[in-house]
Every structure is written in C-alpha cells, then in structure tokens.
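What follows is a single structure, written as structure tokens, with notes after it.
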Amino acid sequence: MDYRELNRESRQTNLLRSAIYWITDLAAVAVLAAFMVLFFCERVTVTGHSMEPELAAGDVVLINQVQYQFQDPVRFDVIVFEKENDSAAKAYVKRVIGLPGETVQIINETIYINGKPLIAEGLSHVTLSGLAAEPVTLGDDEYFVLGDNRDSSEDSRFANIGNVRREEIRGCIWFRIAPFKDLGQIGPP
C-alpha cells in the first residue's frame, strides 16, 4: 500500500469521525433544548392589543415558569397571570410597574411610585388613571401591572383586574418564537 493511499484513507476516516461527532453534538443540543422548553417553559399566544408595540395579538411567546421560584418579579418584567375570580381562566399579559409595599398613583398622565415620578424610556403617559387616581398601596404579595398600550389595556387601573397577587403569576415572558421575523428576547421598555 502506498503512502498517498494510506493518507487518503486516514483523511476520510477523520472526516467521517468529525461528521459523527458533529451530528451527535447537534442531536444532544436539540434534545436539551426540547427538554428545557417542555419542562421549564410554557407557550402562550398573545391576545388583544394591550401590549403593543412590544407584543402584538397573535405573537407566540415562551414563559419562564422557573424564574419566579427563585426570585420575585422586578419592575418592568412582562408577566403572564390569571385572576382567581376569572371564570374563563384568561391569561393576561402585562408589565410590572408597582412592587409589593409600594404606593402607586397616576396624576396628570404620570405614574408615581412612593410619591416620585417613574421615569423609564419607552414608558408612555397614562391618560386614564382609573383606580390609581387615588394612591394604591400594594400588599406584601401584590403587584401593580399596566399594558404597554395604556389606552387599550385592561390592567390594575380597573376593579376587575386590580392588584395582581404573587400566586396568580404564571411566569415571566422571556422569548418570542412567532412570528419568525420578530424572533427574540423580550425585555424592559
């Protein structure tokens, strides 16, 4: 057997071995990703226009169901919750504005937290104060939530939603999977 022939067989063997390793690694990553999505995430389709422009009706998002087992929601998280008194068990998607123990009030289209204006880029003015026209003091396990599209949102400003209790929160939205052109992580405004 000549040296060139032996060298060619060796290269072919190495190429085949590399391909097998690559395919095995890819399969392992796919299985791990599927496991993560199945056991730690929940898929939800957004309904309504209350979270526009961040999320539109029909967007499909993943909820991180594990995050709040280890930490509390923070201001500006986009959460999914269900009201216990809602017979339809509707999933609401809103942004956390007020945290437990804080006092929220909306005066002249401005959100105040503990008497100080809430300043955040992308946070629009609130034309309708609703229940927050008067100070709303949150309990130890309550959150004040608003939709990003303030003029078209059923949220904590209204009696049928009110303050959201910690146990009503299903998780934090962290990733949009559809439509594909908007694929990506969801974050603060």
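Labeling convention for the structure tokens: chains A, B, ... as they appear, residues from 1 per chain, ligands from 1 in order of appearance.
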
Every residue of chain A that DSSP places in helix (DSSP H, G or I), as a PyMOL selection string: chain A and resi 3-40+67-70+130-133+150-152+166-168+180-182

Near-segment 104-118 of chain A list (6 Å; only C-alpha atoms; drop same-chain fewer than 6 positions) as a PyMOL selection string: chain A and resi 125-127+129+132-133+135-136

Could you tell me, as an MDAnalysis selection string, which residues of segment 7-125 of chain A DSSP assigns to strand (DSSP E) when given the backbone? chainID A and resid 41:45 60:64 78:81 92:98 103:107 110:113 116:117

Segment 146-153 of chain A: which residues within 9 Å, counting only C-alpha atoms, same-chain residues fewer than 3 positions away excluded, as a PyMOL selection string? chain A and resi 48-55+93-97+122-128+156-157+189

Kindly export the residues of the current selection with N, CA and C atoms, as a CSV table (one decimal), in the first residue's frame.
chain,number,residue,atom,x,y,z
A,48,GLY,N,-55.3,40.3,22.0
A,48,GLY,CA,-55.5,41.7,22.2
A,48,GLY,C,-54.3,42.6,21.9
A,49,HIS,N,-54.5,43.9,22.0
A,49,HIS,CA,-53.5,44.9,21.6
A,49,HIS,C,-52.9,45.6,22.8
A,50,SER,N,-53.2,45.1,24.0
A,50,SER,CA,-52.8,45.9,25.2
A,50,SER,C,-51.2,46.0,25.4
A,51,MET,N,-50.5,45.1,24.8
A,51,MET,CA,-49.0,45.2,25.0
A,51,MET,C,-48.3,45.7,23.7
A,52,GLU,N,-49.0,46.3,22.8
A,52,GLU,CA,-48.3,46.9,21.6
A,52,GLU,C,-47.6,48.1,22.0
A,53,PRO,N,-46.5,48.4,21.5
A,53,PRO,CA,-45.8,47.8,20.3
A,53,PRO,C,-44.9,46.6,20.7
A,54,GLU,N,-44.7,46.3,22.0
A,54,GLU,CA,-43.7,45.2,22.3
A,54,GLU,C,-44.3,43.9,21.9
A,55,LEU,N,-45.5,43.6,22.1
A,55,LEU,CA,-46.1,42.3,21.7
A,55,LEU,C,-47.5,42.6,21.0
A,93,VAL,N,-51.4,39.3,29.8
A,93,VAL,CA,-50.0,39.7,29.6
A,93,VAL,C,-49.9,41.2,29.9
A,94,LYS,N,-49.1,41.5,30.9
A,94,LYS,CA,-48.9,42.9,31.3
A,94,LYS,C,-47.5,43.1,31.8
A,95,ARG,N,-47.1,44.4,32.0
A,95,ARG,CA,-45.8,44.8,32.5
A,95,ARG,C,-45.9,45.2,34.0
A,96,VAL,N,-45.0,44.7,34.8
A,96,VAL,CA,-45.0,45.0,36.3
A,96,VAL,C,-44.5,46.5,36.4
A,97,ILE,N,-45.3,47.3,37.1
A,97,ILE,CA,-45.0,48.7,37.4
A,97,ILE,C,-44.7,48.9,38.9
A,122,GLY,N,-39.5,54.7,26.9
A,122,GLY,CA,-40.5,53.8,26.3
A,122,GLY,C,-41.7,53.7,27.1
A,123,LEU,N,-41.8,54.3,28.3
A,123,LEU,CA,-43.0,54.2,29.1
A,123,LEU,C,-43.9,55.4,28.8
A,124,SER,N,-45.0,55.1,28.1
A,124,SER,CA,-45.9,56.2,27.7
A,124,SER,C,-46.7,56.8,28.8
A,125,HIS,N,-47.2,57.9,28.5
A,125,HIS,CA,-48.1,58.6,29.5
A,125,HIS,C,-49.4,57.8,29.7
A,126,VAL,N,-50.0,57.9,30.8
A,126,VAL,CA,-51.2,57.2,31.1
A,126,VAL,C,-52.3,58.2,31.1
A,127,THR,N,-53.2,58.2,30.1
A,127,THR,CA,-54.3,59.2,30.0
A,127,THR,C,-55.4,58.9,31.0
A,128,LEU,N,-55.7,57.6,31.3
A,128,LEU,CA,-56.7,57.2,32.2
A,128,LEU,C,-56.2,56.7,33.5
A,156,SER,N,-54.3,46.9,36.1
A,156,SER,CA,-54.5,47.2,37.6
A,156,SER,C,-55.3,48.5,37.8
A,157,ARG,N,-55.5,49.3,36.8
A,157,ARG,CA,-56.3,50.5,37.0
A,157,ARG,C,-57.8,50.2,37.1
A,189,PRO,N,-38.8,48.1,28.8
A,189,PRO,CA,-39.2,49.0,27.7
A,189,PRO,C,-38.0,49.8,27.2

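Minimum atom-to-atom distance to Lys83 of chain A, evaluated using only C-alpha atoms, belongs to A:Asn163 out of A:Asn163, A:Gln69, A:Thr24, A:Asn14.
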